[in-house]
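S.K.: One file: start_25.csv (CSV, N, CA and C atoms).
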chain,number,residue,atom,x,y,z
A,149,MET,N,-61.2,27.2,21.6
A,149,MET,CA,-62.0,26.2,21.1
A,149,MET,C,-63.4,26.8,20.9
A,150,ALA,N,-64.1,26.4,19.8
A,150,ALA,CA,-65.4,26.9,19.5
A,150,ALA,C,-66.4,26.4,20.6
A,151,LYS,N,-67.5,27.2,20.8
A,151,LYS,CA,-68.5,26.9,21.9
A,151,LYS,C,-69.1,25.5,21.6
A,152,HIS,N,-69.4,25.2,20.4
A,152,HIS,CA,-70.1,23.9,20.1
A,152,HIS,C,-69.1,22.7,20.4
A,153,ASN,N,-67.8,22.9,20.2
A,153,ASN,CA,-66.8,21.9,20.5
A,153,ASN,C,-66.7,21.7,22.0
A,154,GLU,N,-66.7,22.8,22.8
A,154,GLU,CA,-66.7,22.7,24.2
A,154,GLU,C,-67.9,22.0,24.8
A,155,LEU,N,-69.1,22.3,24.2
A,155,LEU,CA,-70.3,21.7,24.6
A,155,LEU,C,-70.3,20.2,24.3
A,156,GLY,N,-69.7,19.8,23.2
A,156,GLY,CA,-69.6,18.4,22.8
A,156,GLY,C,-68.7,17.6,23.8
A,157,LYS,N,-67.5,18.3,24.1
A,157,LYS,CA,-66.6,17.6,25.1
A,157,LYS,C,-67.3,17.5,26.5
A,158,LYS,N,-68.0,18.5,26.9
A,158,LYS,CA,-68.7,18.5,28.2
A,158,LYS,C,-69.7,17.4,28.1
A,159,GLY,N,-70.4,17.2,27.0
A,159,GLY,CA,-71.4,16.2,26.9
A,159,GLY,C,-70.8,14.8,27.0
A,160,GLU,N,-69.7,14.6,26.3
A,160,GLU,CA,-69.0,13.3,26.4
A,160,GLU,C,-68.6,13.0,27.8
A,161,GLN,N,-68.1,14.0,28.5
A,161,GLN,CA,-67.7,13.7,29.9
A,161,GLN,C,-68.9,13.4,30.8
A,162,LEU,N,-70.0,14.1,30.6
A,162,LEU,CA,-71.2,13.8,31.3
A,162,LEU,C,-71.7,12.4,31.0
A,163,ALA,N,-71.6,12.0,29.8
A,163,ALA,CA,-72.0,10.6,29.4
A,163,ALA,C,-71.1,9.6,30.0
A,164,VAL,N,-69.8,9.8,30.1
A,164,VAL,CA,-68.9,8.8,30.8
A,164,VAL,C,-69.3,8.7,32.2
A,165,GLU,N,-69.5,9.8,32.9
A,165,GLU,CA,-69.9,9.8,34.3
A,165,GLU,C,-71.2,9.1,34.5
A,166,PHE,N,-72.2,9.3,33.7
A,166,PHE,CA,-73.5,8.7,33.7
A,166,PHE,C,-73.4,7.2,33.6
A,167,LEU,N,-72.6,6.8,32.6
A,167,LEU,CA,-72.4,5.3,32.3
A,167,LEU,C,-71.7,4.6,33.5
A,168,GLU,N,-70.7,5.3,34.1
A,168,GLU,CA,-70.0,4.7,35.2
A,168,GLU,C,-70.9,4.5,36.4
A,169,GLN,N,-71.8,5.5,36.6
A,169,GLN,CA,-72.8,5.4,37.7
A,169,GLN,C,-73.7,4.2,37.5
A,170,LYS,N,-73.9,3.8,36.2
A,170,LYS,CA,-74.8,2.7,35.8
A,170,LYS,C,-74.1,1.4,35.8
A,171,GLY,N,-72.8,1.4,36.2
A,171,GLY,CA,-72.1,0.1,36.2
A,171,GLY,C,-71.3,-0.3,35.0
A,172,TYR,N,-71.2,0.7,34.1
A,172,TYR,CA,-70.4,0.4,32.8
A,172,TYR,C,-68.9,0.6,33.1
A,173,HIS,N,-68.1,-0.2,32.4
A,173,HIS,CA,-66.6,0.0,32.5
A,173,HIS,C,-66.3,0.7,31.1
A,174,ILE,N,-65.7,1.9,31.2
A,174,ILE,CA,-65.3,2.6,30.0
A,174,ILE,C,-64.0,2.0,29.4
A,175,ILE,N,-64.0,1.4,28.2
A,175,ILE,CA,-62.9,0.8,27.6
A,175,ILE,C,-62.1,1.8,26.7
A,176,GLU,N,-62.8,2.5,25.9
A,176,GLU,CA,-62.2,3.5,25.0
A,176,GLU,C,-63.0,4.7,24.9
A,177,ARG,N,-62.3,5.8,24.6
A,177,ARG,CA,-63.0,7.1,24.3
A,177,ARG,C,-62.4,7.6,23.0
A,178,ASN,N,-63.3,8.1,22.1
A,178,ASN,CA,-62.8,8.6,20.8
A,178,ASN,C,-62.0,7.7,20.0
A,179,TYR,N,-62.4,6.4,19.9
A,179,TYR,CA,-61.8,5.4,19.1
A,179,TYR,C,-62.0,5.7,17.6
A,180,ARG,N,-60.9,5.8,16.9
A,180,ARG,CA,-61.0,6.1,15.4
A,180,ARG,C,-60.6,5.0,14.6
A,181,PHE,N,-61.3,4.8,13.5
A,181,PHE,CA,-61.0,3.8,12.5
A,181,PHE,C,-61.6,4.3,11.1
A,182,ASP,N,-60.7,4.4,10.1
A,182,ASP,CA,-61.2,4.9,8.8
A,182,ASP,C,-61.8,6.2,9.0
A,183,LYS,N,-63.1,6.4,8.6
A,183,LYS,CA,-63.8,7.7,8.6
A,183,LYS,C,-64.6,7.8,9.9
A,184,ALA,N,-64.6,6.9,10.8
A,184,ALA,CA,-65.5,6.9,11.9
A,184,ALA,C,-64.7,7.2,13.2
A,185,GLU,N,-65.5,7.9,14.1
A,185,GLU,CA,-65.0,8.0,15.5
A,185,GLU,C,-66.1,7.6,16.4
A,186,VAL,N,-65.7,6.6,17.2
A,186,VAL,CA,-66.7,6.0,18.2
A,186,VAL,C,-66.5,6.8,19.5
A,187,ASP,N,-67.5,7.5,19.9
A,187,ASP,CA,-67.4,8.4,21.1
A,187,ASP,C,-66.9,7.6,22.3
A,188,ILE,N,-67.7,6.5,22.7
A,188,ILE,CA,-67.4,5.7,23.9
A,188,ILE,C,-67.7,4.2,23.6
A,189,ILE,N,-66.7,3.4,24.0
A,189,ILE,CA,-66.9,2.0,24.0
A,189,ILE,C,-66.9,1.6,25.4
A,190,ALA,N,-67.9,1.0,25.9
A,190,ALA,CA,-68.1,0.6,27.3
A,190,ALA,C,-68.6,-0.8,27.4
A,191,GLN,N,-68.3,-1.4,28.5
A,191,GLN,CA,-68.8,-2.8,28.7
A,191,GLN,C,-69.5,-2.9,30.0
A,192,ARG,N,-70.6,-3.7,30.0
A,192,ARG,CA,-71.3,-4.1,31.2
A,192,ARG,C,-71.7,-5.5,31.0
A,193,LYS,N,-71.1,-6.4,31.9
A,193,LYS,CA,-71.3,-7.8,31.8
A,193,LYS,C,-70.7,-8.3,30.5
A,194,ASP,N,-71.5,-9.0,29.7
A,194,ASP,CA,-71.0,-9.6,28.4
A,194,ASP,C,-71.5,-8.7,27.2
A,195,THR,N,-71.9,-7.5,27.5
A,195,THR,CA,-72.3,-6.6,26.4
A,195,THR,C,-71.3,-5.4,26.2
A,196,LEU,N,-70.9,-5.3,24.9
A,196,LEU,CA,-70.1,-4.2,24.6
A,196,LEU,C,-71.1,-3.1,24.0
A,197,ALA,N,-71.1,-2.0,24.7
A,197,ALA,CA,-72.0,-0.9,24.3
A,197,ALA,C,-71.2,0.2,23.5
A,198,ILE,N,-71.6,0.4,22.3
A,198,ILE,CA,-71.0,1.4,21.5
A,198,ILE,C,-71.9,2.6,21.6
A,199,ILE,N,-71.4,3.7,22.1
A,199,ILE,CA,-72.2,4.8,22.4
A,199,ILE,C,-71.8,6.1,21.6
A,200,GLU,N,-72.8,6.6,21.0
A,200,GLU,CA,-72.7,7.8,20.2
A,200,GLU,C,-73.3,8.9,21.1
A,201,VAL,N,-72.6,9.9,21.4
A,201,VAL,CA,-73.1,11.0,22.3
A,201,VAL,C,-73.4,12.2,21.4
A,202,LYS,N,-74.6,12.7,21.6
A,202,LYS,CA,-75.1,13.9,20.9
A,202,LYS,C,-75.5,14.9,21.9
A,203,THR,N,-74.9,16.1,21.9
A,203,THR,CA,-75.2,17.1,22.9
A,203,THR,C,-75.7,18.4,22.1
A,204,ARG,N,-76.7,19.0,22.6
A,204,ARG,CA,-77.3,20.2,22.0
A,204,ARG,C,-77.6,21.2,23.1
A,205,SER,N,-77.5,22.4,22.7
A,205,SER,CA,-77.8,23.5,23.6
A,205,SER,C,-79.4,23.8,23.7
A,206,SER,N,-80.1,23.2,22.8
A,206,SER,CA,-81.6,23.3,22.8
A,206,SER,C,-82.1,22.3,21.9
A,207,ILE,N,-83.5,22.1,21.9
A,207,ILE,CA,-84.1,21.2,20.9
A,207,ILE,C,-84.8,21.9,19.9
A,208,ASP,N,-84.5,23.2,19.7
A,208,ASP,CA,-85.1,24.0,18.7
A,208,ASP,C,-85.1,23.4,17.3
A,209,PHE,N,-84.0,22.7,16.9
A,209,PHE,CA,-83.9,22.1,15.6
A,209,PHE,C,-84.1,20.6,15.6
A,210,GLY,N,-84.6,20.0,16.7
A,210,GLY,CA,-84.8,18.6,16.8
A,210,GLY,C,-84.1,18.0,18.0
A,211,ASN,N,-84.4,16.8,18.3
A,211,ASN,CA,-83.8,16.1,19.4
A,211,ASN,C,-82.4,15.6,19.0
A,212,PRO,N,-81.4,15.6,20.0
A,212,PRO,CA,-80.1,15.2,19.6
A,212,PRO,C,-79.9,13.9,18.8
A,213,GLN,N,-80.7,12.9,19.2
A,213,GLN,CA,-80.6,11.6,18.6
A,213,GLN,C,-81.0,11.6,17.1
A,214,ASP,N,-81.8,12.6,16.7
A,214,ASP,CA,-82.2,12.7,15.3
A,214,ASP,C,-81.0,13.1,14.4
A,215,PHE,N,-79.9,13.5,15.0
A,215,PHE,CA,-78.7,13.9,14.2
A,215,PHE,C,-77.7,12.7,13.9
A,216,VAL,N,-78.1,11.5,14.3
A,216,VAL,CA,-77.3,10.4,13.9
A,216,VAL,C,-77.8,9.9,12.6
A,217,LYS,N,-77.0,10.1,11.5
A,217,LYS,CA,-77.5,9.8,10.2
A,217,LYS,C,-77.0,8.4,9.7
A,218,PRO,N,-77.7,7.8,8.7
A,218,PRO,CA,-77.4,6.5,8.2
A,218,PRO,C,-75.9,6.3,7.8
A,219,LYS,N,-75.3,7.3,7.1
A,219,LYS,CA,-73.9,7.2,6.8
A,219,LYS,C,-73.0,7.1,8.0
A,220,GLN,N,-73.3,7.8,9.0
A,220,GLN,CA,-72.5,7.7,10.3
A,220,GLN,C,-72.7,6.4,10.9
A,221,ILE,N,-73.9,5.8,10.9
A,221,ILE,CA,-74.2,4.5,11.5
A,221,ILE,C,-73.3,3.5,10.7
A,222,LYS,N,-73.3,3.6,9.4
A,222,LYS,CA,-72.6,2.6,8.6
A,222,LYS,C,-71.1,2.7,8.9
A,223,ASN,N,-70.5,3.9,9.1
A,223,ASN,CA,-69.1,4.0,9.5
A,223,ASN,C,-68.9,3.5,10.9
A,224,LEU,N,-69.8,3.7,11.8
A,224,LEU,CA,-69.6,3.2,13.2
A,224,LEU,C,-69.6,1.7,13.2
A,225,VAL,N,-70.5,1.1,12.4
A,225,VAL,CA,-70.6,-0.4,12.4
A,225,VAL,C,-69.3,-0.9,11.8
A,226,LYS,N,-68.7,-0.3,10.8
A,226,LYS,CA,-67.5,-0.7,10.2
A,226,LYS,C,-66.3,-0.6,11.3
A,227,ALA,N,-66.3,0.5,12.0
A,227,ALA,CA,-65.2,0.7,13.0
A,227,ALA,C,-65.3,-0.3,14.1
A,228,VAL,N,-66.5,-0.6,14.5
A,228,VAL,CA,-66.7,-1.5,15.7
A,228,VAL,C,-66.4,-2.9,15.2
A,229,ASP,N,-66.8,-3.3,14.0
A,229,ASP,CA,-66.4,-4.6,13.5
A,229,ASP,C,-64.9,-4.8,13.5
A,230,GLU,N,-64.2,-3.8,13.1
A,230,GLU,CA,-62.7,-3.8,13.2
A,230,GLU,C,-62.2,-3.9,14.6
A,231,TYR,N,-62.8,-3.1,15.5
A,231,TYR,CA,-62.4,-3.2,16.9
A,231,TYR,C,-62.6,-4.5,17.5
A,232,VAL,N,-63.7,-5.1,17.3
A,232,VAL,CA,-64.0,-6.5,17.9
A,232,VAL,C,-63.1,-7.5,17.3
A,233,THR,N,-62.9,-7.4,16.0
A,233,THR,CA,-62.0,-8.4,15.3
A,233,THR,C,-60.5,-8.3,15.8
A,234,VAL,N,-60.0,-7.1,15.8
A,234,VAL,CA,-58.6,-6.8,16.2
A,234,VAL,C,-58.4,-7.3,17.6
A,235,ASN,N,-59.4,-7.0,18.5
A,235,ASN,CA,-59.2,-7.3,19.9
A,235,ASN,C,-59.7,-8.7,20.3
A,236,ASN,N,-60.1,-9.5,19.2
A,236,ASN,CA,-60.6,-10.9,19.4
A,236,ASN,C,-61.6,-11.0,20.5
A,237,LEU,N,-62.6,-10.1,20.5
A,237,LEU,CA,-63.7,-10.1,21.5
A,237,LEU,C,-64.8,-11.1,21.2
A,238,ASP,N,-65.3,-11.7,22.2
A,238,ASP,CA,-66.5,-12.6,22.1
A,238,ASP,C,-67.6,-12.0,23.0
A,239,VAL,N,-68.2,-10.9,22.5
A,239,VAL,CA,-69.3,-10.2,23.3
A,239,VAL,C,-70.4,-9.9,22.4
A,240,GLU,N,-71.6,-9.6,23.0
A,240,GLU,CA,-72.7,-9.0,22.3
A,240,GLU,C,-72.4,-7.6,22.1
A,241,VAL,N,-72.7,-7.0,21.0
A,241,VAL,CA,-72.5,-5.6,20.7
A,241,VAL,C,-73.9,-4.9,20.6
A,242,ARG,N,-74.0,-3.8,21.2
A,242,ARG,CA,-75.2,-3.0,21.2
A,242,ARG,C,-74.8,-1.6,20.9
A,243,PHE,N,-75.6,-0.9,20.0
A,243,PHE,CA,-75.4,0.5,19.7
A,243,PHE,C,-76.4,1.4,20.4
A,244,ASP,N,-75.9,2.3,21.2
A,244,ASP,CA,-76.7,3.2,22.0
A,244,ASP,C,-76.4,4.6,21.6
A,245,ILE,N,-77.3,5.5,22.0
A,245,ILE,CA,-77.1,6.9,21.8
A,245,ILE,C,-77.4,7.5,23.2
A,246,ILE,N,-76.5,8.4,23.6
A,246,ILE,CA,-76.8,9.2,24.8
A,246,ILE,C,-77.1,10.6,24.3
A,247,ALA,N,-78.3,11.1,24.5
A,247,ALA,CA,-78.8,12.4,24.0
A,247,ALA,C,-78.7,13.3,25.2
A,248,ILE,N,-78.0,14.4,25.1
A,248,ILE,CA,-77.9,15.4,26.2
A,248,ILE,C,-78.4,16.8,25.7
A,249,VAL,N,-79.2,17.4,26.5
A,249,VAL,CA,-79.7,18.7,26.1
A,249,VAL,C,-79.4,19.7,27.3
A,250,LYS,N,-78.8,20.8,27.0
A,250,LYS,CA,-78.5,21.8,28.1
A,250,LYS,C,-79.8,22.5,28.4
A,251,ASN,N,-80.2,22.5,29.6
A,251,ASN,CA,-81.4,23.2,30.1
A,251,ASN,C,-81.1,24.1,31.2
A,252,LYS,N,-80.9,25.4,30.8
A,252,LYS,CA,-80.4,26.4,31.7
A,252,LYS,C,-79.1,26.0,32.3
A,253,ASN,N,-79.0,25.8,33.6
A,253,ASN,CA,-77.7,25.4,34.2
A,253,ASN,C,-77.6,24.0,34.5
A,254,GLN,N,-78.4,23.1,33.9
A,254,GLN,CA,-78.3,21.7,34.1
A,254,GLN,C,-78.3,21.0,32.7
A,255,PHE,N,-78.1,19.7,32.7
A,255,PHE,CA,-78.1,18.9,31.5
A,255,PHE,C,-79.1,17.8,31.7
A,256,ASP,N,-80.0,17.6,30.7
A,256,ASP,CA,-80.9,16.5,30.7
A,256,ASP,C,-80.2,15.4,29.9
A,257,ILE,N,-80.1,14.2,30.5
A,257,ILE,CA,-79.5,13.0,29.8
A,257,ILE,C,-80.5,11.9,29.6
A,258,GLU,N,-80.5,11.5,28.3
A,258,GLU,CA,-81.4,10.3,28.0
A,258,GLU,C,-80.5,9.3,27.3
A,259,HIS,N,-80.6,8.0,27.9
A,259,HIS,CA,-79.8,6.9,27.3
A,259,HIS,C,-80.7,6.0,26.5
A,260,LEU,N,-80.5,6.0,25.2
A,260,LEU,CA,-81.3,5.2,24.3
A,260,LEU,C,-80.5,3.9,24.0
A,261,GLU,N,-80.9,2.8,24.7
A,261,GLU,CA,-80.2,1.5,24.4
A,261,GLU,C,-80.8,0.9,23.1
A,262,ASP,N,-79.9,0.2,22.4
A,262,ASP,CA,-80.3,-0.4,21.1
A,262,ASP,C,-81.0,0.6,20.2
A,263,ALA,N,-80.3,1.8,20.1
A,263,ALA,CA,-80.9,2.9,19.4
A,263,ALA,C,-80.9,2.6,17.9
A,264,PHE,N,-80.0,1.8,17.4
A,264,PHE,CA,-80.0,1.4,16.0
A,264,PHE,C,-79.3,0.1,15.9
A,265,TYR,N,-79.5,-0.6,14.8
A,265,TYR,CA,-79.0,-1.9,14.6
A,265,TYR,C,-78.0,-2.0,13.4
A,266,HIS,N,-77.0,-2.8,13.5
A,266,HIS,CA,-76.1,-3.0,12.4
A,266,HIS,C,-76.9,-3.7,11.2
A,267,PHE,N,-76.5,-3.4,10.0
A,267,PHE,CA,-77.2,-4.0,8.9
A,267,PHE,C,-76.3,-4.9,8.1
What do you get writing this file as structure tokens?
M.R.:
Amino acid sequence: MAKHNELGKKGEQLAVEFLEQKGYHIIERNYRFDKAEVDIIAQRKDTLAIIEVKTRSSIDFGNPQDFVKPKQIKNLVKAVDEYVTVNNLDVEVRFDIIAIVKNKNQFDIEHLEDAFYHF
């Protein structure tokens, strides 16, 4: 497996552990619909948090959250709409980003709630 894929998988696992420590229940990982993949679907109380995880080895080319592009957001919204409809859920939906940067032997994690809105 390529190094960037390993880093991405490590980042997703760190994000799951981070969310569980914050009281979130992980419902799905890597949910796919059409052209979208939702990294993590988690719930805390009546809120369904749709979480995009971005992991980088440095911020030399920008912050991880800067790499979530409008087309990706559009695909995520479409996938989540399908997920909520198929599962007949009556919850608030929030789109978050967890930005992770490797800093020597540790990882810095930033949770951006309501990082973007559906349109």
S.K.: Please give the complete set of residues from stretch 149-241 of chain A that DSSP, run on the backbone, assigns to alpha helix (DSSP H), formatted as number ranges by chain.
M.R.: A: 151-169, 218-234
S.K.: Please write the residues from the selection above to a file, keeping N, CA and C atoms, as a tab-separated table (two decimals), keeping the file's coordinate frame.
M.R.:
chain	number	residue	atom	x	y	z
A	151	LYS	N	-67.50	27.20	20.80
A	151	LYS	CA	-68.50	26.90	21.90
A	151	LYS	C	-69.10	25.50	21.60
A	152	HIS	N	-69.40	25.20	20.40
A	152	HIS	CA	-70.10	23.90	20.10
A	152	HIS	C	-69.10	22.70	20.40
A	153	ASN	N	-67.80	22.90	20.20
A	153	ASN	CA	-66.80	21.90	20.50
A	153	ASN	C	-66.70	21.70	22.00
A	154	GLU	N	-66.70	22.80	22.80
A	154	GLU	CA	-66.70	22.70	24.20
A	154	GLU	C	-67.90	22.00	24.80
A	155	LEU	N	-69.10	22.30	24.20
A	155	LEU	CA	-70.30	21.70	24.60
A	155	LEU	C	-70.30	20.20	24.30
A	156	GLY	N	-69.70	19.80	23.20
A	156	GLY	CA	-69.60	18.40	22.80
A	156	GLY	C	-68.70	17.60	23.80
A	157	LYS	N	-67.50	18.30	24.10
A	157	LYS	CA	-66.60	17.60	25.10
A	157	LYS	C	-67.30	17.50	26.50
A	158	LYS	N	-68.00	18.50	26.90
A	158	LYS	CA	-68.70	18.50	28.20
A	158	LYS	C	-69.70	17.40	28.10
A	159	GLY	N	-70.40	17.20	27.00
A	159	GLY	CA	-71.40	16.20	26.90
A	159	GLY	C	-70.80	14.80	27.00
A	160	GLU	N	-69.70	14.60	26.30
A	160	GLU	CA	-69.00	13.30	26.40
A	160	GLU	C	-68.60	13.00	27.80
A	161	GLN	N	-68.10	14.00	28.50
A	161	GLN	CA	-67.70	13.70	29.90
A	161	GLN	C	-68.90	13.40	30.80
A	162	LEU	N	-70.00	14.10	30.60
A	162	LEU	CA	-71.20	13.80	31.30
A	162	LEU	C	-71.70	12.40	31.00
A	163	ALA	N	-71.60	12.00	29.80
A	163	ALA	CA	-72.00	10.60	29.40
A	163	ALA	C	-71.10	9.60	30.00
A	164	VAL	N	-69.80	9.80	30.10
A	164	VAL	CA	-68.90	8.80	30.80
A	164	VAL	C	-69.30	8.70	32.20
A	165	GLU	N	-69.50	9.80	32.90
A	165	GLU	CA	-69.90	9.80	34.30
A	165	GLU	C	-71.20	9.10	34.50
A	166	PHE	N	-72.20	9.30	33.70
A	166	PHE	CA	-73.50	8.70	33.70
A	166	PHE	C	-73.40	7.20	33.60
A	167	LEU	N	-72.60	6.80	32.60
A	167	LEU	CA	-72.40	5.30	32.30
A	167	LEU	C	-71.70	4.60	33.50
A	168	GLU	N	-70.70	5.30	34.10
A	168	GLU	CA	-70.00	4.70	35.20
A	168	GLU	C	-70.90	4.50	36.40
A	169	GLN	N	-71.80	5.50	36.60
A	169	GLN	CA	-72.80	5.40	37.70
A	169	GLN	C	-73.70	4.20	37.50
A	218	PRO	N	-77.70	7.80	8.70
A	218	PRO	CA	-77.40	6.50	8.20
A	218	PRO	C	-75.90	6.30	7.80
A	219	LYS	N	-75.30	7.30	7.10
A	219	LYS	CA	-73.90	7.20	6.80
A	219	LYS	C	-73.00	7.10	8.00
A	220	GLN	N	-73.30	7.80	9.00
A	220	GLN	CA	-72.50	7.70	10.30
A	220	GLN	C	-72.70	6.40	10.90
A	221	ILE	N	-73.90	5.80	10.90
A	221	ILE	CA	-74.20	4.50	11.50
A	221	ILE	C	-73.30	3.50	10.70
A	222	LYS	N	-73.30	3.60	9.40
A	222	LYS	CA	-72.60	2.60	8.60
A	222	LYS	C	-71.10	2.70	8.90
A	223	ASN	N	-70.50	3.90	9.10
A	223	ASN	CA	-69.10	4.00	9.50
A	223	ASN	C	-68.90	3.50	10.90
A	224	LEU	N	-69.80	3.70	11.80
A	224	LEU	CA	-69.60	3.20	13.20
A	224	LEU	C	-69.60	1.70	13.20
A	225	VAL	N	-70.50	1.10	12.40
A	225	VAL	CA	-70.60	-0.40	12.40
A	225	VAL	C	-69.30	-0.90	11.80
A	226	LYS	N	-68.70	-0.30	10.80
A	226	LYS	CA	-67.50	-0.70	10.20
A	226	LYS	C	-66.30	-0.60	11.30
A	227	ALA	N	-66.30	0.50	12.00
A	227	ALA	CA	-65.20	0.70	13.00
A	227	ALA	C	-65.30	-0.30	14.10
A	228	VAL	N	-66.50	-0.60	14.50
A	228	VAL	CA	-66.70	-1.50	15.70
A	228	VAL	C	-66.40	-2.90	15.20
A	229	ASP	N	-66.80	-3.30	14.00
A	229	ASP	CA	-66.40	-4.60	13.50
A	229	ASP	C	-64.90	-4.80	13.50
A	230	GLU	N	-64.20	-3.80	13.10
A	230	GLU	CA	-62.70	-3.80	13.20
A	230	GLU	C	-62.20	-3.90	14.60
A	231	TYR	N	-62.80	-3.10	15.50
A	231	TYR	CA	-62.40	-3.20	16.90
A	231	TYR	C	-62.60	-4.50	17.50
A	232	VAL	N	-63.70	-5.10	17.30
A	232	VAL	CA	-64.00	-6.50	17.90
A	232	VAL	C	-63.10	-7.50	17.30
A	233	THR	N	-62.90	-7.40	16.00
A	233	THR	CA	-62.00	-8.40	15.30
A	233	THR	C	-60.50	-8.30	15.80
A	234	VAL	N	-60.00	-7.10	15.80
A	234	VAL	CA	-58.60	-6.80	16.20
A	234	VAL	C	-58.40	-7.30	17.60
S.K.: Using only C-alpha atoms, which residue out of A:Lys226, A:Lys157, A:Lys217, A:Arg204 lies closest to A:Glu185?
M.R.: A:Lys226
S.K.: Check chain A with DSSP on the backbone and list each residue it calls strand (DSSP E), as a PyMOL selection string.
M.R.: chain A and resi 173-181+184-192+195-204+240-251+254-264
S.K.: Could the centre and edge lengths of an axis-aligned box, enclosing all atoms of stretch 242-255 of chain A in the file with 4 Å extra on each side, be given in Å to one decimal as AutoDock Vina command-line options?
M.R.:
--center_x -77.7 --center_y 11.3 --center_z 27.1 --size_x 15.4 --size_y 38.2 --size_z 22.8
S.K.: Using only C-alpha atoms, find all polymer residues with an atom at most 12 Å away from the point (-67.7, 5.0, 21.4); report them as a ChimeraX atom specification.
M.R.: /A:160,163-164,167,174-181,184-191,196-202,221,224-225,227-228,231,241-246
S.K.: Work out how far apart atom N of A:Glu258 and atom N of A:Lys222 are and give it in Å to one decimal.
M.R.: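 That distance, rounded to one decimal, is 21.7 Å.
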S.K.: How many Å separate atom CA of A:Ser205 from atom CA of A:Glu154?
M.R.: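 Interatomic distance, atom CA of A:Ser205 to atom CA of A:Glu154: 11.1 Å.
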S.K.: Nearest to A:Tyr172 among A:Gly159, A:Val232, A:His259, A:Arg192, with distances taken over only N, CA and C atoms: which residue is it?
M.R.: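 Checking each of A:Gly159, A:Val232, A:His259, A:Arg192 against A:Tyr172, counting only N, CA and C atoms, the winner is A:Arg192.
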S.K.: For atom N of A:Thr195 and atom N of A:Val239, determine how far apart the two atoms are, in Å to one decimal place.
M.R.: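 Calculated distance between atom N of A:Thr195 and atom N of A:Val239 is 7.1 Å.
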S.K.: Using only C-alpha atoms, can you tell me which of A:Asp262, A:Asp182, A:Asp208, A:Glu165 comes closest to A:Gln220?
M.R.: A:Asp182
